[in-house]
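Printed here is input.tsv (TSV, N, CA and C atoms):
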chain	number	residue	atom	x	y	z
R	24	MET	N	0.82	-1.19	0.00
R	24	MET	CA	0.00	0.00	0.00
R	24	MET	C	0.87	1.26	0.00
R	25	GLU	N	2.05	1.15	0.57
R	25	GLU	CA	2.96	2.30	0.57
R	25	GLU	C	3.51	2.55	-0.82
R	26	HIS	N	3.96	1.49	-1.49
R	26	HIS	CA	4.63	1.64	-2.79
R	26	HIS	C	3.66	2.04	-3.90
R	27	THR	N	2.44	1.57	-3.83
R	27	THR	CA	1.47	1.87	-4.89
R	27	THR	C	0.79	3.22	-4.68
R	28	GLY	N	0.89	3.77	-3.49
R	28	GLY	CA	0.23	5.03	-3.20
R	28	GLY	C	-1.20	4.86	-2.71
R	29	ALA	N	-1.62	3.61	-2.52
R	29	ALA	CA	-2.99	3.36	-2.06
R	29	ALA	C	-3.22	3.91	-0.67
R	30	ALA	N	-2.23	3.82	0.21
R	30	ALA	CA	-2.39	4.33	1.57
R	30	ALA	C	-2.60	5.83	1.56
R	31	LYS	N	-1.81	6.52	0.75
R	31	LYS	CA	-1.93	7.98	0.68
R	31	LYS	C	-3.28	8.38	0.08
R	32	TYR	N	-3.71	7.67	-0.97
R	32	TYR	CA	-5.00	7.96	-1.60
R	32	TYR	C	-6.15	7.74	-0.61
R	33	LEU	N	-6.14	6.60	0.09
R	33	LEU	CA	-7.21	6.32	1.05
R	33	LEU	C	-7.18	7.29	2.21
R	34	ALA	N	-6.00	7.72	2.61
R	34	ALA	CA	-5.89	8.71	3.69
R	34	ALA	C	-6.53	10.02	3.25
R	35	TRP	N	-6.24	10.45	2.03
R	35	TRP	CA	-6.84	11.69	1.51
R	35	TRP	C	-8.36	11.57	1.46
R	36	GLN	N	-8.86	10.43	1.02
R	36	GLN	CA	-10.30	10.22	0.94
R	36	GLN	C	-10.95	10.26	2.32
R	37	LEU	N	-10.29	9.64	3.27
R	37	LEU	CA	-10.82	9.62	4.63
R	37	LEU	C	-10.84	11.01	5.24
R	38	VAL	N	-9.79	11.78	5.02
R	38	VAL	CA	-9.74	13.15	5.53
R	38	VAL	C	-10.79	14.01	4.85
R	39	SER	N	-11.01	13.80	3.56
R	39	SER	CA	-12.03	14.60	2.87
R	39	SER	C	-13.44	14.27	3.37
R	40	LEU	N	-13.65	13.04	3.82
R	40	LEU	CA	-14.96	12.66	4.35
R	40	LEU	C	-15.20	13.20	5.77
R	41	THR	N	-14.18	13.14	6.59
R	41	THR	CA	-14.35	13.51	8.00
R	41	THR	C	-13.95	14.94	8.31
R	42	GLY	N	-13.09	15.51	7.50
R	42	GLY	CA	-12.61	16.86	7.77
R	42	GLY	C	-11.30	16.84	8.54
R	43	THR	N	-10.62	17.97	8.52
R	43	THR	CA	-9.31	18.03	9.15
R	43	THR	C	-9.36	18.55	10.58
R	44	ASP	N	-10.50	19.05	11.00
R	44	ASP	CA	-10.58	19.67	12.32
R	44	ASP	C	-11.12	18.75	13.40
R	45	GLN	N	-11.30	17.47	13.09
R	45	GLN	CA	-11.86	16.54	14.06
R	45	GLN	C	-10.97	15.29	14.18
R	46	PRO	N	-9.83	15.41	14.85
R	46	PRO	CA	-8.94	14.26	14.96
R	46	PRO	C	-9.53	13.10	15.77
R	47	LEU	N	-10.37	13.41	16.75
R	47	LEU	CA	-10.99	12.32	17.52
R	47	LEU	C	-11.97	11.52	16.66
R	48	LEU	N	-12.62	12.18	15.73
R	48	LEU	CA	-13.49	11.47	14.80
R	48	LEU	C	-12.66	10.54	13.91
R	49	LEU	N	-11.51	11.01	13.47
R	49	LEU	CA	-10.63	10.15	12.68
R	49	LEU	C	-10.15	8.95	13.48
R	50	LEU	N	-9.80	9.17	14.74
R	50	LEU	CA	-9.40	8.04	15.58
R	50	LEU	C	-10.55	7.06	15.75
R	51	THR	N	-11.75	7.58	15.88
R	51	THR	CA	-12.92	6.72	15.99
R	51	THR	C	-13.14	5.92	14.72
R	52	VAL	N	-12.96	6.55	13.58
R	52	VAL	CA	-13.12	5.85	12.29
R	52	VAL	C	-12.09	4.73	12.17
R	53	PHE	N	-10.85	5.02	12.53
R	53	PHE	CA	-9.83	3.98	12.46
R	53	PHE	C	-10.09	2.85	13.44
R	54	PHE	N	-10.59	3.18	14.61
R	54	PHE	CA	-10.96	2.14	15.57
R	54	PHE	C	-12.05	1.25	14.98
R	55	ALA	N	-13.10	1.87	14.45
R	55	ALA	CA	-14.22	1.10	13.89
R	55	ALA	C	-13.80	0.26	12.70
R	56	LEU	N	-13.01	0.84	11.79
R	56	LEU	CA	-12.55	0.07	10.63
R	56	LEU	C	-11.72	-1.14	11.05
R	57	THR	N	-10.85	-0.93	12.01
R	57	THR	CA	-9.99	-2.02	12.45
R	57	THR	C	-10.81	-3.11	13.14
R	58	VAL	N	-11.74	-2.71	14.00
R	58	VAL	CA	-12.59	-3.69	14.69
R	58	VAL	C	-13.40	-4.49	13.67
R	59	LEU	N	-13.93	-3.82	12.67
R	59	LEU	CA	-14.71	-4.53	11.65
R	59	LEU	C	-13.84	-5.51	10.87
R	60	LEU	N	-12.61	-5.13	10.59
R	60	LEU	CA	-11.73	-6.04	9.85
R	60	LEU	C	-11.22	-7.19	10.69
R	61	THR	N	-11.15	-7.02	12.01
R	61	THR	CA	-10.65	-8.12	12.85
R	61	THR	C	-11.67	-9.25	12.96
R	62	GLN	N	-12.90	-9.01	12.59
R	62	GLN	CA	-13.90	-10.06	12.71
R	62	GLN	C	-13.69	-11.17	11.67
R	63	PRO	N	-13.56	-10.86	10.37
R	63	PRO	CA	-13.38	-11.94	9.40
R	63	PRO	C	-11.92	-12.37	9.20
R	64	MET	N	-10.96	-11.55	9.64
R	64	MET	CA	-9.55	-11.89	9.43
R	64	MET	C	-8.80	-11.81	10.75
R	65	SER	N	-7.55	-12.18	10.73
R	65	SER	CA	-6.77	-12.16	11.97
R	65	SER	C	-6.48	-10.74	12.41
R	66	ASN	N	-6.16	-10.59	13.67
R	66	ASN	CA	-5.88	-9.27	14.24
R	66	ASN	C	-4.68	-8.63	13.54
R	67	GLN	N	-3.65	-9.43	13.32
R	67	GLN	CA	-2.43	-8.91	12.70
R	67	GLN	C	-2.70	-8.45	11.27
R	68	ALA	N	-3.47	-9.21	10.52
R	68	ALA	CA	-3.76	-8.85	9.14
R	68	ALA	C	-4.58	-7.55	9.08
R	69	ALA	N	-5.54	-7.41	9.98
R	69	ALA	CA	-6.34	-6.19	10.01
R	69	ALA	C	-5.46	-4.98	10.33
R	70	ALA	N	-4.56	-5.14	11.28
R	70	ALA	CA	-3.66	-4.03	11.64
R	70	ALA	C	-2.74	-3.68	10.47
R	71	ILE	N	-2.24	-4.67	9.77
R	71	ILE	CA	-1.34	-4.42	8.64
R	71	ILE	C	-2.06	-3.70	7.51
R	72	VAL	N	-3.34	-3.98	7.33
R	72	VAL	CA	-4.11	-3.31	6.29
R	72	VAL	C	-4.39	-1.85	6.66
R	73	ILE	N	-4.73	-1.59	7.91
R	73	ILE	CA	-5.15	-0.26	8.33
R	73	ILE	C	-3.98	0.66	8.69
R	74	LEU	N	-2.90	0.11	9.21
R	74	LEU	CA	-1.78	0.94	9.69
R	74	LEU	C	-1.22	1.91	8.65
R	75	PRO	N	-0.94	1.50	7.42
R	75	PRO	CA	-0.40	2.48	6.46
R	75	PRO	C	-1.35	3.64	6.20
R	76	ILE	N	-2.64	3.36	6.18
R	76	ILE	CA	-3.62	4.43	5.96
R	76	ILE	C	-3.64	5.37	7.16
R	77	ALA	N	-3.59	4.82	8.36
R	77	ALA	CA	-3.59	5.64	9.57
R	77	ALA	C	-2.34	6.52	9.64
R	78	ILE	N	-1.21	5.96	9.31
R	78	ILE	CA	0.04	6.72	9.34
R	78	ILE	C	0.01	7.85	8.32
R	79	GLN	N	-0.43	7.56	7.12
R	79	GLN	CA	-0.52	8.59	6.08
R	79	GLN	C	-1.51	9.69	6.46
R	80	THR	N	-2.60	9.30	7.10
R	80	THR	CA	-3.58	10.29	7.54
R	80	THR	C	-2.96	11.23	8.58
R	81	ALA	N	-2.26	10.67	9.54
R	81	ALA	CA	-1.61	11.49	10.56
R	81	ALA	C	-0.57	12.41	9.95
R	82	LEU	N	0.23	11.89	9.04
R	82	LEU	CA	1.25	12.72	8.40
R	82	LEU	C	0.62	13.83	7.56
R	83	HIS	N	-0.47	13.50	6.88
R	83	HIS	CA	-1.17	14.50	6.06
R	83	HIS	C	-1.70	15.65	6.92
R	84	LEU	N	-2.13	15.34	8.13
R	84	LEU	CA	-2.70	16.36	9.03
R	84	LEU	C	-1.67	16.95	9.97
R	85	ASN	N	-0.39	16.60	9.78
R	85	ASN	CA	0.69	17.06	10.66
R	85	ASN	C	0.42	16.71	12.12
R	86	MET	N	-0.02	15.48	12.32
R	86	MET	CA	-0.28	14.98	13.67
R	86	MET	C	0.68	13.86	13.99
R	87	ASN	N	0.67	13.43	15.23
R	87	ASN	CA	1.55	12.37	15.70
R	87	ASN	C	1.05	11.01	15.18
R	88	PRO	N	1.83	10.34	14.33
R	88	PRO	CA	1.39	9.04	13.83
R	88	PRO	C	1.25	7.98	14.92
R	89	ARG	N	2.01	8.15	16.01
R	89	ARG	CA	1.93	7.16	17.10
R	89	ARG	C	0.54	7.10	17.71
R	90	THR	N	-0.14	8.22	17.78
R	90	THR	CA	-1.50	8.24	18.32
R	90	THR	C	-2.41	7.35	17.47
R	91	PHE	N	-2.31	7.49	16.17
R	91	PHE	CA	-3.13	6.70	15.26
R	91	PHE	C	-2.73	5.23	15.29
R	92	VAL	N	-1.43	4.98	15.35
R	92	VAL	CA	-0.94	3.60	15.40
R	92	VAL	C	-1.43	2.89	16.66
R	93	MET	N	-1.37	3.58	17.78
R	93	MET	CA	-1.82	2.95	19.03
R	93	MET	C	-3.32	2.69	19.02
R	94	MET	N	-4.09	3.59	18.42
R	94	MET	CA	-5.53	3.36	18.34
R	94	MET	C	-5.83	2.13	17.48
R	95	VAL	N	-5.11	1.99	16.38
R	95	VAL	CA	-5.29	0.82	15.52
R	95	VAL	C	-4.84	-0.44	16.24
R	96	ALA	N	-3.74	-0.38	16.97
R	96	ALA	CA	-3.25	-1.56	17.69
R	96	ALA	C	-4.24	-2.02	18.76
R	97	ILE	N	-4.81	-1.07	19.47
R	97	ILE	CA	-5.80	-1.43	20.49
R	97	ILE	C	-7.05	-2.01	19.83
R	98	ALA	N	-7.49	-1.39	18.76
R	98	ALA	CA	-8.69	-1.87	18.06
R	98	ALA	C	-8.47	-3.25	17.46
R	99	ALA	N	-7.24	-3.53	17.01
R	99	ALA	CA	-6.96	-4.84	16.44
R	99	ALA	C	-7.07	-5.95	17.48
R	100	SER	N	-6.97	-5.58	18.73
R	100	SER	CA	-7.11	-6.57	19.80
R	100	SER	C	-8.56	-6.81	20.19
R	101	CYS	N	-9.48	-6.07	19.61
R	101	CYS	CA	-10.90	-6.16	19.97
R	101	CYS	C	-11.66	-7.04	18.98
R	102	SER	N	-11.38	-8.30	18.99
R	102	SER	CA	-12.11	-9.20	18.09
R	102	SER	C	-13.11	-10.02	18.90
R	103	TYR	N	-13.97	-9.32	19.60
R	103	TYR	CA	-14.93	-9.97	20.49
R	103	TYR	C	-16.33	-10.07	19.92
R	104	LEU	N	-16.57	-9.48	18.76
R	104	LEU	CA	-17.94	-9.42	18.23
R	104	LEU	C	-18.43	-10.74	17.63
R	105	THR	N	-17.51	-11.55	17.18
R	105	THR	CA	-17.88	-12.84	16.58
R	105	THR	C	-16.97	-13.93	17.15
R	106	PRO	N	-17.40	-15.17	17.09
R	106	PRO	CA	-16.56	-16.26	17.60
R	106	PRO	C	-15.55	-16.77	16.57
R	107	LEU	N	-15.19	-15.95	15.58
R	107	LEU	CA	-14.30	-16.40	14.52
R	107	LEU	C	-12.83	-16.39	14.92
R	108	GLU	N	-12.50	-15.73	16.00
R	108	GLU	CA	-11.13	-15.73	16.53
R	108	GLU	C	-10.82	-17.13	17.06
R	109	PRO	N	-9.63	-17.65	16.79
R	109	PRO	CA	-9.31	-19.02	17.25
R	109	PRO	C	-9.53	-19.26	18.74
R	110	ALA	N	-9.19	-18.30	19.57
R	110	ALA	CA	-9.40	-18.48	21.02
R	110	ALA	C	-10.89	-18.58	21.34
R	111	CYS	N	-11.71	-17.82	20.65
R	111	CYS	CA	-13.16	-17.87	20.88
R	111	CYS	C	-13.75	-19.18	20.37
R	112	LEU	N	-13.20	-19.68	19.28
R	112	LEU	CA	-13.69	-20.95	18.73
R	112	LEU	C	-13.45	-22.11	19.70
R	113	MET	N	-12.40	-22.00	20.49
R	113	MET	CA	-12.10	-23.08	21.44
R	113	MET	C	-13.18	-23.22	22.50
R	114	VAL	N	-13.84	-22.13	22.88
R	114	VAL	CA	-14.89	-22.19	23.90
R	114	VAL	C	-16.29	-22.18	23.30
R	115	TYR	N	-16.39	-21.87	22.02
R	115	TYR	CA	-17.69	-21.73	21.37
R	115	TYR	C	-18.51	-23.02	21.45
R	116	GLY	N	-17.95	-24.12	21.03
R	116	GLY	CA	-18.65	-25.40	21.05
R	116	GLY	C	-18.83	-25.97	22.44
R	117	PRO	N	-17.73	-26.18	23.16
R	117	PRO	CA	-17.87	-26.79	24.50
R	117	PRO	C	-18.71	-25.95	25.47
R	118	GLY	N	-18.68	-24.64	25.33
R	118	GLY	CA	-19.47	-23.78	26.23
R	118	GLY	C	-20.91	-23.63	25.80
R	119	ARG	N	-21.24	-24.21	24.65
R	119	ARG	CA	-22.59	-24.13	24.08
R	119	ARG	C	-23.06	-22.68	23.92
R	120	TYR	N	-22.13	-21.85	23.51
R	120	TYR	CA	-22.47	-20.46	23.24
R	120	TYR	C	-23.12	-20.35	21.87
R	121	ARG	N	-23.90	-19.30	21.70
R	121	ARG	CA	-24.49	-19.01	20.40
R	121	ARG	C	-23.76	-17.81	19.81
R	122	PHE	N	-23.91	-17.65	18.51
R	122	PHE	CA	-23.28	-16.52	17.83
R	122	PHE	C	-23.76	-15.20	18.44
R	123	ALA	N	-25.04	-15.13	18.77
R	123	ALA	CA	-25.62	-13.91	19.34
R	123	ALA	C	-25.02	-13.58	20.71
R	124	ASP	N	-24.55	-14.59	21.44
R	124	ASP	CA	-23.91	-14.32	22.72
R	124	ASP	C	-22.66	-13.49	22.53
R	125	PHE	N	-21.89	-13.80	21.51
R	125	PHE	CA	-20.68	-13.04	21.23
R	125	PHE	C	-21.02	-11.62	20.79
R	126	VAL	N	-22.07	-11.48	20.00
R	126	VAL	CA	-22.46	-10.15	19.54
R	126	VAL	C	-22.91	-9.28	20.72
R	127	LYS	N	-23.71	-9.84	21.61
R	127	LYS	CA	-24.22	-9.07	22.76
R	127	LYS	C	-23.08	-8.63	23.69
R	128	ILE	N	-22.34	-9.59	24.17
R	128	ILE	CA	-21.29	-9.29	25.15
R	128	ILE	C	-20.11	-8.60	24.46
R	129	GLY	N	-19.77	-9.05	23.26
R	129	GLY	CA	-18.64	-8.47	22.54
R	129	GLY	C	-18.84	-7.02	22.18
R	130	SER	N	-20.07	-6.65	21.83
R	130	SER	CA	-20.32	-5.25	21.48
R	130	SER	C	-20.19	-4.36	22.71
R	131	LEU	N	-20.66	-4.81	23.85
R	131	LEU	CA	-20.51	-4.03	25.08
R	131	LEU	C	-19.04	-3.87	25.45
R	132	LEU	N	-18.29	-4.95	25.35
R	132	LEU	CA	-16.87	-4.90	25.69
R	132	LEU	C	-16.11	-4.01	24.70
R	133	THR	N	-16.45	-4.09	23.43
R	133	THR	CA	-15.79	-3.26	22.43
R	133	THR	C	-16.09	-1.78	22.65
R	134	VAL	N	-17.32	-1.45	22.98
R	134	VAL	CA	-17.67	-0.05	23.27
R	134	VAL	C	-16.92	0.44	24.51
R	135	LEU	N	-16.83	-0.39	25.52
R	135	LEU	CA	-16.10	-0.01	26.73
R	135	LEU	C	-14.62	0.25	26.43
R	136	ILE	N	-14.02	-0.63	25.65
R	136	ILE	CA	-12.61	-0.45	25.29
R	136	ILE	C	-12.44	0.79	24.42
R	137	TYR	N	-13.39	1.04	23.52
R	137	TYR	CA	-13.32	2.26	22.70
R	137	TYR	C	-13.36	3.51	23.58
R	138	LEU	N	-14.28	3.56	24.52
R	138	LEU	CA	-14.41	4.75	25.38
R	138	LEU	C	-13.14	5.00	26.19
R	139	ILE	N	-12.56	3.93	26.70
R	139	ILE	CA	-11.32	4.07	27.45
R	139	ILE	C	-10.19	4.51	26.52
R	140	SER	N	-10.14	3.94	25.33
R	140	SER	CA	-9.08	4.26	24.37
R	140	SER	C	-9.17	5.69	23.86
R	141	ILE	N	-10.36	6.14	23.51
R	141	ILE	CA	-10.50	7.48	22.95
R	141	ILE	C	-10.18	8.53	24.02
R	142	ALA	N	-10.32	8.17	25.29
R	142	ALA	CA	-9.97	9.10	26.36
R	142	ALA	C	-8.48	9.07	26.68
R	143	LEU	N	-7.88	7.88	26.68
R	143	LEU	CA	-6.50	7.75	27.15
R	143	LEU	C	-5.43	7.83	26.07
R	144	VAL	N	-5.70	7.32	24.89
R	144	VAL	CA	-4.67	7.31	23.84
R	144	VAL	C	-4.19	8.72	23.51
R	145	PRO	N	-5.08	9.70	23.28
R	145	PRO	CA	-4.57	11.05	23.01
R	145	PRO	C	-3.86	11.70	24.21
R	146	LEU	N	-4.13	11.22	25.41
R	146	LEU	CA	-3.43	11.75	26.58
R	146	LEU	C	-2.00	11.19	26.67
R	147	VAL	N	-1.88	9.90	26.43
R	147	VAL	CA	-0.56	9.26	26.53
R	147	VAL	C	0.30	9.58	25.30
R	148	TRP	N	-0.31	9.56	24.12
R	148	TRP	CA	0.37	9.89	22.87
R	148	TRP	C	-0.34	11.10	22.27
R	149	PRO	N	0.07	12.31	22.63
R	149	PRO	CA	-0.62	13.52	22.15
R	149	PRO	C	-0.70	13.60	20.63
R	150	LEU	N	-1.78	14.20	20.15
R	150	LEU	CA	-2.00	14.30	18.71
R	150	LEU	C	-1.00	15.24	18.04
R	151	LYS	N	-0.50	16.20	18.73
R	151	LYS	CA	0.47	17.15	18.12
R	151	LYS	C	1.83	16.96	18.69
Once more with this new file: its structure as structure tokens, please.
Amino acid sequence: MEHTGAAKYLAWQLVSLTGTDQPLLLLTVFFALTVLLTQPMSNQAAAIVILPIAIQTALHLNMNPRTFVMMVAIAASCSYLTPLEPACLMVYGPGRYRFADFVKIGSLLTVLIYLISIALVPLVWPLK
């Protein structure tokens, strides 16, 4: 994505959609995109797909790329919405859980982690 310019193009598109004056909205978008991608694919693969776009977005806005990277890293760890994660699959059958159980509890846990992250990540890794 770096060599082809796809990361830079997608970063420009994302900034044009959200605007340049709302960095917390951009962090929220990256969190949501990463969480959505971690459901059908591995956490590492989702992070690798989103990280170049997040870095280019931060550089485009003259912000700290570490803030965006940390938000993506935390979001990549939030694969609680579906039982497709290998660790979740290990308990899915023996625990007699249903898919909806993961959606109910996983969405609450993901929202909680998002709220903590959106408050603490910009404090620990300032945007400027």
From the list R:Cys111, R:Ala69, R:Cys101, R:Leu56, the nearest residue to Ser140 (chain R) using only C-alpha atoms is R:Cys101
Would you mind writing down, as a VMD selection string, each residue of region 40-106 of chain R that DSSP on the backbone assigns to helix (DSSP H, G or I)? chain R and resid 40 to 41 46 to 61 66 to 83 88 to 99
Looking at all atoms listed in the file, which of R:Val58, R:Ala142, R:Leu33, R:Leu107 is the one that sits closest to Ala77 (chain R)? R:Leu33
Which residue of R:Trp35, R:Phe122, R:Phe53, R:Tyr103 approaches Thr80 (chain R) most closely, using all atoms listed in the file: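 Closest to Thr80 (chain R) of all the choices is R:Trp35.
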Atomic separation - CA of Val95 (chain R) relative to CA of Ile73 (chain R), Å: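 According to the coordinates, CA of Ile73 (chain R) and CA of Val95 (chain R) are separated by 7.3 Å.
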Can you list, as a list in words, every protein, DNA or RNA residue that comes within 10 Å of Ser130 (chain R) when you count only C-alpha atoms, leaving out same-chain residues fewer than 3 positions away?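 Within the cut-off, the hits are Cys101, Ser102, Tyr103, Leu104, Thr105, Asp124, Phe125, Val126, Lys127, Thr133, Val134, Leu135 and Ile136 of chain R.
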So how many Å separate atom N of Lys31 (chain R) and atom N of Val147 (chain R), to one decimal? 25.9 Å
Could you tell me how far atom N of Met86 (chain R) lies from CA of Asn66 (chain R), in Å and to one decimal? 25.5 Å
Only N, CA and C atoms, as an mmCIF file, in the first residue's frame: that is what I want for region 91-103 of chain R.
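Output (decode34.cif):
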data_model
loop_
_atom_site.group_PDB
_atom_site.id
_atom_site.type_symbol
_atom_site.label_atom_id
_atom_site.label_comp_id
_atom_site.auth_asym_id
_atom_site.auth_seq_id
_atom_site.Cartn_x
_atom_site.Cartn_y
_atom_site.Cartn_z
ATOM 1 N N PHE R 91 -2.310 7.489 16.171
ATOM 2 C CA PHE R 91 -3.133 6.699 15.260
ATOM 3 C C PHE R 91 -2.734 5.226 15.295
ATOM 4 N N VAL R 92 -1.434 4.976 15.354
ATOM 5 C CA VAL R 92 -0.939 3.595 15.401
ATOM 6 C C VAL R 92 -1.428 2.892 16.664
ATOM 7 N N MET R 93 -1.371 3.576 17.781
ATOM 8 C CA MET R 93 -1.821 2.952 19.026
ATOM 9 C C MET R 93 -3.322 2.689 19.019
ATOM 10 N N MET R 94 -4.093 3.585 18.422
ATOM 11 C CA MET R 94 -5.533 3.356 18.342
ATOM 12 C C MET R 94 -5.825 2.127 17.478
ATOM 13 N N VAL R 95 -5.107 1.993 16.379
ATOM 14 C CA VAL R 95 -5.286 0.817 15.517
ATOM 15 C C VAL R 95 -4.842 -0.444 16.245
ATOM 16 N N ALA R 96 -3.738 -0.379 16.969
ATOM 17 C CA ALA R 96 -3.245 -1.558 17.692
ATOM 18 C C ALA R 96 -4.235 -2.016 18.757
ATOM 19 N N ILE R 97 -4.809 -1.073 19.475
ATOM 20 C CA ILE R 97 -5.801 -1.434 20.490
ATOM 21 C C ILE R 97 -7.048 -2.010 19.832
ATOM 22 N N ALA R 98 -7.491 -1.386 18.759
ATOM 23 C CA ALA R 98 -8.688 -1.873 18.061
ATOM 24 C C ALA R 98 -8.469 -3.251 17.458
ATOM 25 N N ALA R 99 -7.244 -3.530 17.015
ATOM 26 C CA ALA R 99 -6.959 -4.845 16.435
ATOM 27 C C ALA R 99 -7.068 -5.952 17.476
ATOM 28 N N SER R 100 -6.968 -5.580 18.730
ATOM 29 C CA SER R 100 -7.106 -6.571 19.796
ATOM 30 C C SER R 100 -8.561 -6.809 20.188
ATOM 31 N N CYS R 101 -9.479 -6.069 19.612
ATOM 32 C CA CYS R 101 -10.902 -6.164 19.970
ATOM 33 C C CYS R 101 -11.660 -7.039 18.984
ATOM 34 N N SER R 102 -11.380 -8.296 18.989
ATOM 35 C CA SER R 102 -12.113 -9.201 18.094
ATOM 36 C C SER R 102 -13.114 -10.017 18.901
ATOM 37 N N TYR R 103 -13.973 -9.317 19.602
ATOM 38 C CA TYR R 103 -14.930 -9.968 20.494
ATOM 39 C C TYR R 103 -16.334 -10.073 19.915
#
